[in-house]
>>> print(open('my_file_24.txt').read())   # compact mmCIF, C-alpha atoms
# COMPACT_ATOMS: atom_id res chain seq x y z
CA MET R 1 98.48 119.28 91.63
CA LYS R 2 97.19 115.90 92.72
CA TYR R 3 99.51 113.16 93.89
CA ILE R 4 99.03 109.46 94.49
CA LEU R 5 101.07 106.71 96.08
CA ARG R 6 101.68 103.50 94.17
CA ILE R 7 102.11 100.81 96.82
CA LYS R 8 103.48 97.44 95.73
CA ALA R 9 104.38 94.43 97.89
CA VAL R 10 106.33 91.38 96.77
CA SER R 11 106.84 88.20 98.76
CA GLN R 12 109.24 85.40 97.90
CA CYS R 13 109.58 82.10 99.74
CA MET R 14 110.71 78.69 98.50
CA GLY R 15 110.80 79.94 94.92
CA ILE R 16 107.21 81.17 95.01
CA ARG R 17 106.72 84.86 94.23
CA ARG R 18 103.54 86.76 95.05
CA ALA R 19 102.85 90.42 94.40
CA THR R 20 100.01 92.82 94.97
CA LEU R 21 99.38 96.47 94.32
CA ALA R 22 97.31 99.36 95.67
CA TYR R 23 97.02 103.08 95.16
CA SER R 24 96.23 105.82 97.65
CA GLU R 25 95.67 109.53 97.34
CA TYR R 26 98.65 111.33 98.80
CA ASN R 27 98.11 113.26 102.02
CA ASP R 28 99.25 113.01 105.62
CA LYS R 29 97.52 109.98 107.08
CA ILE R 30 97.88 106.40 108.24
CA ILE R 31 97.04 103.79 105.62
CA ASN R 32 95.80 100.52 107.07
CA LEU R 33 97.15 97.64 104.99
CA ALA R 34 95.78 94.90 107.28
CA ASP R 35 92.65 94.42 105.13
CA THR R 36 94.47 94.27 101.79
CA ASP R 37 95.66 91.21 99.87
CA GLN R 38 98.79 89.22 100.69
CA PRO R 39 101.63 90.13 100.75
CA LEU R 40 100.65 93.80 101.23
CA LYS R 41 98.85 93.07 104.50
CA LYS R 42 102.06 91.78 106.11
CA PHE R 43 103.25 95.38 106.43
CA LYS R 44 100.14 96.24 108.53
CA ASN R 45 100.18 100.03 108.00
CA ILE R 46 102.17 102.96 106.73
CA GLU R 47 102.17 106.50 108.07
CA ILE R 48 102.62 109.51 105.81
CA ASN R 49 103.63 112.77 107.45
CA ASN R 50 105.38 115.83 105.95
CA ASN R 51 106.67 114.03 102.84
CA LYS R 52 108.04 111.15 104.94
CA ILE R 53 106.71 107.65 105.15
CA THR R 54 107.09 105.30 108.11
CA CYS R 55 106.67 101.53 108.02
CA ASN R 56 107.80 98.93 110.59
CA GLY R 57 109.74 101.55 112.56
CA SER R 58 111.74 102.87 109.59
CA THR R 59 111.19 106.32 108.08
CA LEU R 60 112.16 107.34 104.55
CA ASP R 61 111.70 110.50 102.49
CA LEU R 62 109.23 110.33 99.63
CA VAL R 63 110.78 111.39 96.33
CA LEU R 64 108.63 112.13 93.29
CA ASN R 65 108.71 109.26 90.75
CA GLU R 66 111.26 107.22 92.71
CA GLU R 67 110.34 103.98 94.43
CA ILE R 68 111.45 103.63 98.04
CA TYR R 69 111.61 100.28 99.79
CA PHE R 70 110.86 98.71 103.14
CA TYR R 71 111.89 95.14 103.94
CA LEU R 72 110.39 92.48 106.19
CA ASN R 73 111.80 88.97 106.51
CA ARG R 74 109.99 86.24 108.39
CA SER R 75 110.82 82.67 109.28
CA VAL R 76 108.24 80.21 107.99
CA ASN R 77 107.90 76.64 109.20
CA THR R 78 107.14 74.53 106.10
CA GLY R 79 106.72 71.31 108.05
CA ASN R 80 110.03 70.03 106.71
CA SER R 81 112.25 73.02 107.38
CA ILE R 82 112.40 76.65 108.43
CA GLU R 83 112.52 78.92 105.38
CA THR R 84 112.98 82.68 105.09
CA GLU R 85 110.15 84.59 103.50
CA GLN R 86 111.40 87.86 102.02
CA ASN R 87 108.89 90.70 101.74
CA VAL R 88 109.52 94.01 100.01
CA LEU R 89 107.21 97.02 100.07
CA GLY R 90 107.85 99.57 97.32
CA ILE R 91 106.17 102.97 97.46
CA MET R 92 106.30 105.58 94.73
CA LEU R 93 104.94 109.13 94.86
CA MET R 94 103.40 110.00 91.48
CA GLU R 95 101.96 113.25 90.16
CA LEU R 96 98.66 113.07 88.32
CA HIS R 97 98.61 115.55 85.47
CA ASP R 98 96.37 115.72 82.41
CA ASP R 99 99.42 116.12 80.15
CA ALA R 100 100.32 112.52 80.99
CA ILE R 101 97.18 111.10 79.35
CA SER R 102 98.70 111.14 75.86
CA TYR R 103 101.87 109.46 77.18
CA TYR R 104 99.89 106.66 78.82
CA GLU R 105 97.68 106.24 75.73
CA LYS R 106 100.81 105.84 73.60
CA GLU R 107 102.17 103.22 76.00
CA ILE R 108 98.86 101.32 75.77
CA ASN R 109 98.82 101.53 71.96
CA ASP R 110 102.44 100.33 71.82
CA GLY R 111 101.50 97.30 73.95
CA TYR R 112 103.49 98.22 77.05
CA MET R 113 102.53 97.46 80.65
CA PHE R 114 103.52 99.34 83.77
CA ASP R 115 105.52 96.80 85.78
CA GLN R 116 103.65 93.49 85.53
CA TRP R 117 100.00 94.51 85.59
CA ASN R 118 97.99 94.71 82.41
CA GLY R 119 95.46 97.54 82.64
CA GLU R 120 97.44 99.71 85.05
CA PHE R 121 97.97 102.50 82.51
CA GLU R 122 94.19 102.57 81.91
CA PHE R 123 93.65 102.77 85.68
CA ILE R 124 96.05 105.73 85.98
CA ILE R 125 94.28 107.54 83.14
CA GLY R 126 91.02 106.89 84.98
CA LEU R 127 92.53 108.44 88.12
CA ILE R 128 93.56 111.54 86.17
CA TYR R 129 90.04 111.96 84.78
CA SER R 130 88.54 111.33 88.21
CA LEU R 131 90.85 113.20 90.60
CA VAL R 132 92.26 115.97 88.37
CA LEU R 133 89.68 116.66 85.66
CA ASN R 134 86.53 115.67 87.61
CA ASN R 135 85.15 113.90 84.54
CA LYS R 136 83.18 110.91 85.79
CA ASN R 137 82.15 109.61 82.36
CA GLU R 138 85.74 109.49 81.08
CA SER R 139 87.09 108.11 84.35
CA ASP R 140 84.48 105.34 84.38
CA SER R 141 85.30 104.52 80.76
CA TRP R 142 89.02 104.15 81.57
CA PHE R 143 88.38 102.22 84.80
CA ASN R 144 86.22 99.80 82.77
CA LYS R 145 89.03 99.39 80.23
CA ALA R 146 91.36 98.50 83.13
CA ILE R 147 88.83 95.98 84.46
CA ASP R 148 88.49 94.48 80.97
CA LYS R 149 92.24 93.78 81.11
CA ASN R 150 91.76 92.12 84.53
CA PHE R 151 93.31 94.97 86.53
CA LYS R 152 91.78 94.33 89.94
CA TYR R 153 93.51 96.92 92.09
CA GLY R 154 92.29 100.33 93.19
CA LEU R 155 92.45 103.11 95.76
CA ILE R 156 92.77 102.30 99.45
>>> encode(input="my_file_24.txt", output="structure tokens")
Amino acid sequence: MKYILRIKAVSQCMGIRRATLAYSEYNDKIINLADTDQPLKKFKNIEINNNKITCNGSTLDLVLNEEIYFYLNRSVNTGNSIETEQNVLGIMLMELHDDAISYYEKEINDGYMFDQWNGEFEFIIGLIYSLVLNNKNESDSWFNKAIDKNFKYGLI
């Protein structure tokens, strides 16, 4: 089986919400987030070791298909006041399996999106064709469908 991590960061300050997303193949490693988009880069890095993930000094168990959360609050000087910026990092361990292709295709055909990103289901299908089935033509086709829907995120 192949597994991936879906890594999502959300920042909220003064009523402004920003979110970004990345995926990573699952294995024991350190993932550098410093070069990713805001607000993901605020978490700097995450370490994966023996089905546990560590971020900002906290360690949590990874659970298949359940999002786990890390929190980071910062004080921001707006020029007029000091505001609290709330940052949340959500990480979900997902299994890639070819049986899921028909499920994701149905979701696409029914007009559903995964979370807030249009094209994410197409991207996941592309990952299945790439990482599980080793079918470059099909994976490229699905990745292009994701890009056509303005899905701009990928593997880190």
>>> closest_residue(input="my_file_24.txt", among="R:His97, R:Lys106, R:Thr59, R:Asn50", to="Met1 (chain R)", atoms="all atoms listed in the file")
R:His97
>>> closest_residue(input="my_file_24.txt", among="R:Asn109, R:Asn150, R:Asn32, R:Asn144", to="Gly126 (chain R)", atoms="only C-alpha atoms")
R:Asn144
>>> residues_around(input="my_file_24.txt", residues="Tyr153 (chain R)", least_positions_apart="4", cutoff="8 Å", atoms="all atoms listed in the file", output="JSON, numbers by chain")
{"R": [21, 22, 23]}
>>> atom_distance(input="my_file_24.txt", atom1="CA of Lys41 (chain R)", atom2="CA of Leu60 (chain R)")
19.5 Å
>>> residues_near_point(input="my_file_24.txt", point="(110.8, 81.9, 96.8)", cutoff="10 Å", atoms="only C-alpha atoms", output="list in words")
Ser11, Gln12, Cys13, Met14, Gly15, Ile16, Arg17, Arg18, Glu83, Thr84, Glu85 and Gln86 of chain R
>>> closest_residue(input="my_file_24.txt", among="R:Leu155, R:Val132, R:Ser139, R:Phe114", to="Ile31 (chain R)", atoms="only C-alpha atoms")
R:Leu155
>>> residues_around(input="my_file_24.txt", residues="Leu133 (chain R)", least_positions_apart="4", cutoff="12 Å", atoms="all atoms listed in the file", output="list in words")
Met1, Lys2, Leu96, His97, Asp98, Asp99, Ile101, Ile125, Gly126, Leu127, Ile128, Tyr129, Asn137, Glu138 and Ser139 of chain R
>>> atom_distance(input="my_file_24.txt", atom1="CA of Glu67 (chain R)", atom2="CA of Arg6 (chain R)")
8.7 Å
>>> closest_residue(input="my_file_24.txt", among="R:Met94, R:Asp140, R:Val10, R:Lys152", to="Tyr71 (chain R)", atoms="only C-alpha atoms")
R:Val10
>>> closest_residue(input="my_file_24.txt", among="R:Ile147, R:Asn135, R:Ile124, R:Asn49", to="Asp61 (chain R)", atoms="only C-alpha atoms")
R:Asn49
>>> residues_around(input="my_file_24.txt", residues="Tyr69 (chain R)", least_positions_apart="4", cutoff="7 Å", atoms="only C-alpha atoms", output="short mmCIF file (atom, residue, chain, number, x, y, z; two decimals) with C-alpha atoms, in the coordinates of the input")
data_model
loop_
_atom_site.label_atom_id
_atom_site.label_comp_id
_atom_site.auth_asym_id
_atom_site.auth_seq_id
_atom_site.Cartn_x
_atom_site.Cartn_y
_atom_site.Cartn_z
CA VAL R 88 109.52 94.01 100.01
CA LEU R 89 107.21 97.02 100.07
CA GLY R 90 107.85 99.57 97.32
CA ILE R 91 106.17 102.97 97.46
#
>>> closest_atom_pairs(input="my_file_24.txt", of="region 52-120 of chain R", to="region 27-30 of chain R", cutoff="12 Å", atoms="all atoms listed in the file", output="CSV")
residue,atom,partner,partner_atom,distance
R:Lys52,CA,R:Asp28,CA,9.0
R:Ile53,CA,R:Asp28,CA,9.2
R:Thr54,CA,R:Ile30,CA,9.3
R:Cys55,CA,R:Ile30,CA,10.1
R:Leu62,CA,R:Asn27,CA,11.7
R:Leu93,CA,R:Asn27,CA,10.7
>>> decode(input="my_file_24.txt", residues="region 105-153 of chain R", atoms="N, CA and C atoms", output="PDB file, in the first residue's frame")
ATOM      1  N   GLU R 105     -14.083   9.662  -9.023  1.00  0.00           N
ATOM      2  CA  GLU R 105     -14.726  10.033 -10.283  1.00  0.00           C
ATOM      3  C   GLU R 105     -16.204  10.365 -10.059  1.00  0.00           C
ATOM      4  N   LYS R 106     -16.873   9.606  -9.215  1.00  0.00           N
ATOM      5  CA  LYS R 106     -18.271   9.889  -8.903  1.00  0.00           C
ATOM      6  C   LYS R 106     -18.403  11.246  -8.210  1.00  0.00           C
ATOM      7  N   GLU R 107     -17.522  11.529  -7.274  1.00  0.00           N
ATOM      8  CA  GLU R 107     -17.545  12.821  -6.586  1.00  0.00           C
ATOM      9  C   GLU R 107     -17.363  13.971  -7.589  1.00  0.00           C
ATOM     10  N   ILE R 108     -16.446  13.804  -8.522  1.00  0.00           N
ATOM     11  CA  ILE R 108     -16.220  14.818  -9.563  1.00  0.00           C
ATOM     12  C   ILE R 108     -17.484  14.990 -10.397  1.00  0.00           C
ATOM     13  N   ASN R 109     -18.040  13.880 -10.863  1.00  0.00           N
ATOM     14  CA  ASN R 109     -19.243  13.936 -11.707  1.00  0.00           C
ATOM     15  C   ASN R 109     -20.436  14.533 -10.981  1.00  0.00           C
ATOM     16  N   ASP R 110     -20.501  14.345  -9.653  1.00  0.00           N
ATOM     17  CA  ASP R 110     -21.592  14.907  -8.859  1.00  0.00           C
ATOM     18  C   ASP R 110     -21.341  16.365  -8.470  1.00  0.00           C
ATOM     19  N   GLY R 111     -20.174  16.896  -8.871  1.00  0.00           N
ATOM     20  CA  GLY R 111     -19.868  18.305  -8.628  1.00  0.00           C
ATOM     21  C   GLY R 111     -19.319  18.626  -7.245  1.00  0.00           C
ATOM     22  N   TYR R 112     -18.840  17.611  -6.535  1.00  0.00           N
ATOM     23  CA  TYR R 112     -18.305  17.848  -5.194  1.00  0.00           C
ATOM     24  C   TYR R 112     -16.830  18.222  -5.237  1.00  0.00           C
ATOM     25  N   MET R 113     -16.400  18.954  -4.215  1.00  0.00           N
ATOM     26  CA  MET R 113     -14.992  19.287  -4.023  1.00  0.00           C
ATOM     27  C   MET R 113     -14.541  18.693  -2.699  1.00  0.00           C
ATOM     28  N   PHE R 114     -13.275  18.363  -2.608  1.00  0.00           N
ATOM     29  CA  PHE R 114     -12.681  17.941  -1.352  1.00  0.00           C
ATOM     30  C   PHE R 114     -12.273  19.217  -0.641  1.00  0.00           C
ATOM     31  N   ASP R 115     -12.905  19.490   0.505  1.00  0.00           N
ATOM     32  CA  ASP R 115     -12.625  20.692   1.278  1.00  0.00           C
ATOM     33  C   ASP R 115     -12.979  21.903   0.421  1.00  0.00           C
ATOM     34  N   GLN R 116     -12.049  22.764   0.123  1.00  0.00           N
ATOM     35  CA  GLN R 116     -12.356  23.998  -0.594  1.00  0.00           C
ATOM     36  C   GLN R 116     -11.674  24.092  -1.952  1.00  0.00           C
ATOM     37  N   TRP R 117     -10.900  23.083  -2.326  1.00  0.00           N
ATOM     38  CA  TRP R 117     -10.090  23.194  -3.531  1.00  0.00           C
ATOM     39  C   TRP R 117     -10.681  22.418  -4.696  1.00  0.00           C
ATOM     40  N   ASN R 118     -11.042  23.137  -5.733  1.00  0.00           N
ATOM     41  CA  ASN R 118     -11.509  22.530  -6.959  1.00  0.00           C
ATOM     42  C   ASN R 118     -10.315  21.875  -7.665  1.00  0.00           C
ATOM     43  N   GLY R 119     -10.476  20.642  -8.077  1.00  0.00           N
ATOM     44  CA  GLY R 119      -9.407  19.920  -8.761  1.00  0.00           C
ATOM     45  C   GLY R 119      -8.634  18.971  -7.858  1.00  0.00           C
ATOM     46  N   GLU R 120      -8.935  18.980  -6.564  1.00  0.00           N
ATOM     47  CA  GLU R 120      -8.182  18.119  -5.653  1.00  0.00           C
ATOM     48  C   GLU R 120      -8.485  16.643  -5.887  1.00  0.00           C
ATOM     49  N   PHE R 121      -9.736  16.295  -6.178  1.00  0.00           N
ATOM     50  CA  PHE R 121     -10.048  14.892  -6.475  1.00  0.00           C
ATOM     51  C   PHE R 121      -9.267  14.425  -7.705  1.00  0.00           C
ATOM     52  N   GLU R 122      -9.173  15.271  -8.725  1.00  0.00           N
ATOM     53  CA  GLU R 122      -8.413  14.917  -9.929  1.00  0.00           C
ATOM     54  C   GLU R 122      -6.938  14.695  -9.571  1.00  0.00           C
ATOM     55  N   PHE R 123      -6.417  15.553  -8.686  1.00  0.00           N
ATOM     56  CA  PHE R 123      -5.023  15.416  -8.260  1.00  0.00           C
ATOM     57  C   PHE R 123      -4.807  14.084  -7.545  1.00  0.00           C
ATOM     58  N   ILE R 124      -5.731  13.714  -6.669  1.00  0.00           N
ATOM     59  CA  ILE R 124      -5.597  12.440  -5.939  1.00  0.00           C
ATOM     60  C   ILE R 124      -5.653  11.255  -6.900  1.00  0.00           C
ATOM     61  N   ILE R 125      -6.547  11.317  -7.879  1.00  0.00           N
ATOM     62  CA  ILE R 125      -6.588  10.242  -8.886  1.00  0.00           C
ATOM     63  C   ILE R 125      -5.258  10.176  -9.623  1.00  0.00           C
ATOM     64  N   GLY R 126      -4.707  11.335  -9.952  1.00  0.00           N
ATOM     65  CA  GLY R 126      -3.390  11.378 -10.594  1.00  0.00           C
ATOM     66  C   GLY R 126      -2.318  10.733  -9.727  1.00  0.00           C
ATOM     67  N   LEU R 127      -2.379  10.969  -8.420  1.00  0.00           N
ATOM     68  CA  LEU R 127      -1.418  10.338  -7.506  1.00  0.00           C
ATOM     69  C   LEU R 127      -1.570   8.821  -7.502  1.00  0.00           C
ATOM     70  N   ILE R 128      -2.805   8.345  -7.544  1.00  0.00           N
ATOM     71  CA  ILE R 128      -3.032   6.891  -7.564  1.00  0.00           C
ATOM     72  C   ILE R 128      -2.420   6.291  -8.833  1.00  0.00           C
ATOM     73  N   TYR R 129      -2.687   6.926  -9.980  1.00  0.00           N
ATOM     74  CA  TYR R 129      -2.121   6.415 -11.228  1.00  0.00           C
ATOM     75  C   TYR R 129      -0.596   6.498 -11.229  1.00  0.00           C
ATOM     76  N   SER R 130      -0.052   7.534 -10.612  1.00  0.00           N
ATOM     77  CA  SER R 130       1.395   7.715 -10.587  1.00  0.00           C
ATOM     78  C   SER R 130       2.083   6.801  -9.578  1.00  0.00           C
ATOM     79  N   LEU R 131       1.645   6.847  -8.320  1.00  0.00           N
ATOM     80  CA  LEU R 131       2.366   6.180  -7.237  1.00  0.00           C
ATOM     81  C   LEU R 131       1.965   4.725  -7.019  1.00  0.00           C
ATOM     82  N   VAL R 132       0.730   4.352  -7.392  1.00  0.00           N
ATOM     83  CA  VAL R 132       0.253   2.991  -7.154  1.00  0.00           C
ATOM     84  C   VAL R 132       0.295   2.165  -8.436  1.00  0.00           C
ATOM     85  N   LEU R 133      -0.238   2.725  -9.519  1.00  0.00           N
ATOM     86  CA  LEU R 133      -0.379   1.967 -10.762  1.00  0.00           C
ATOM     87  C   LEU R 133       0.755   2.194 -11.754  1.00  0.00           C
ATOM     88  N   ASN R 134       1.647   3.150 -11.461  1.00  0.00           N
ATOM     89  CA  ASN R 134       2.788   3.447 -12.335  1.00  0.00           C
ATOM     90  C   ASN R 134       2.363   3.673 -13.788  1.00  0.00           C
ATOM     91  N   ASN R 135       1.295   4.435 -13.971  1.00  0.00           N
ATOM     92  CA  ASN R 135       0.759   4.714 -15.293  1.00  0.00           C
ATOM     93  C   ASN R 135       0.912   6.212 -15.561  1.00  0.00           C
ATOM     94  N   LYS R 136       2.023   6.564 -16.192  1.00  0.00           N
ATOM     95  CA  LYS R 136       2.353   7.976 -16.401  1.00  0.00           C
ATOM     96  C   LYS R 136       1.341   8.684 -17.300  1.00  0.00           C
ATOM     97  N   ASN R 137       0.876   8.044 -18.336  1.00  0.00           N
ATOM     98  CA  ASN R 137      -0.078   8.701 -19.243  1.00  0.00           C
ATOM     99  C   ASN R 137      -1.365   9.072 -18.513  1.00  0.00           C
ATOM    100  N   GLU R 138      -1.917   8.116 -17.745  1.00  0.00           N
ATOM    101  CA  GLU R 138      -3.145   8.408 -16.996  1.00  0.00           C
ATOM    102  C   GLU R 138      -2.891   9.434 -15.897  1.00  0.00           C
ATOM    103  N   SER R 139      -1.762   9.313 -15.202  1.00  0.00           N
ATOM    104  CA  SER R 139      -1.488  10.276 -14.129  1.00  0.00           C
ATOM    105  C   SER R 139      -1.353  11.677 -14.706  1.00  0.00           C
ATOM    106  N   ASP R 140      -0.636  11.816 -15.813  1.00  0.00           N
ATOM    107  CA  ASP R 140      -0.492  13.138 -16.431  1.00  0.00           C
ATOM    108  C   ASP R 140      -1.842  13.695 -16.867  1.00  0.00           C
ATOM    109  N   SER R 141      -2.699  12.833 -17.399  1.00  0.00           N
ATOM    110  CA  SER R 141      -4.032  13.260 -17.815  1.00  0.00           C
ATOM    111  C   SER R 141      -4.817  13.813 -16.632  1.00  0.00           C
ATOM    112  N   TRP R 142      -4.779  13.106 -15.493  1.00  0.00           N
ATOM    113  CA  TRP R 142      -5.518  13.570 -14.311  1.00  0.00           C
ATOM    114  C   TRP R 142      -4.875  14.802 -13.688  1.00  0.00           C
ATOM    115  N   PHE R 143      -3.545  14.867 -13.672  1.00  0.00           N
ATOM    116  CA  PHE R 143      -2.883  16.071 -13.152  1.00  0.00           C
ATOM    117  C   PHE R 143      -3.252  17.288 -14.010  1.00  0.00           C
ATOM    118  N   ASN R 144      -3.344  17.100 -15.325  1.00  0.00           N
ATOM    119  CA  ASN R 144      -3.744  18.202 -16.204  1.00  0.00           C
ATOM    120  C   ASN R 144      -5.187  18.630 -15.950  1.00  0.00           C
ATOM    121  N   LYS R 145      -6.064  17.663 -15.657  1.00  0.00           N
ATOM    122  CA  LYS R 145      -7.445  18.012 -15.315  1.00  0.00           C
ATOM    123  C   LYS R 145      -7.482  18.840 -14.030  1.00  0.00           C
ATOM    124  N   ALA R 146      -6.627  18.498 -13.066  1.00  0.00           N
ATOM    125  CA  ALA R 146      -6.549  19.276 -11.824  1.00  0.00           C
ATOM    126  C   ALA R 146      -6.057  20.687 -12.115  1.00  0.00           C
ATOM    127  N   ILE R 147      -5.038  20.805 -12.952  1.00  0.00           N
ATOM    128  CA  ILE R 147      -4.504  22.122 -13.317  1.00  0.00           C
ATOM    129  C   ILE R 147      -5.565  22.944 -14.046  1.00  0.00           C
ATOM    130  N   ASP R 148      -6.333  22.298 -14.919  1.00  0.00           N
ATOM    131  CA  ASP R 148      -7.404  22.996 -15.640  1.00  0.00           C
ATOM    132  C   ASP R 148      -8.447  23.577 -14.689  1.00  0.00           C
ATOM    133  N   LYS R 149      -8.582  22.990 -13.500  1.00  0.00           N
ATOM    134  CA  LYS R 149      -9.509  23.511 -12.489  1.00  0.00           C
ATOM    135  C   LYS R 149      -8.797  24.435 -11.500  1.00  0.00           C
ATOM    136  N   ASN R 150      -7.573  24.846 -11.873  1.00  0.00           N
ATOM    137  CA  ASN R 150      -6.759  25.776 -11.074  1.00  0.00           C
ATOM    138  C   ASN R 150      -6.254  25.197  -9.765  1.00  0.00           C
ATOM    139  N   PHE R 151      -6.121  23.869  -9.677  1.00  0.00           N
ATOM    140  CA  PHE R 151      -5.506  23.252  -8.513  1.00  0.00           C
ATOM    141  C   PHE R 151      -4.005  23.426  -8.646  1.00  0.00           C
ATOM    142  N   LYS R 152      -3.411  24.189  -7.755  1.00  0.00           N
ATOM    143  CA  LYS R 152      -1.998  24.561  -7.911  1.00  0.00           C
ATOM    144  C   LYS R 152      -1.068  23.889  -6.906  1.00  0.00           C
ATOM    145  N   TYR R 153      -1.579  22.923  -6.174  1.00  0.00           N
ATOM    146  CA  TYR R 153      -0.772  22.312  -5.129  1.00  0.00           C
ATOM    147  C   TYR R 153      -0.242  20.962  -5.585  1.00  0.00           C
TER     148      TYR R 153
END
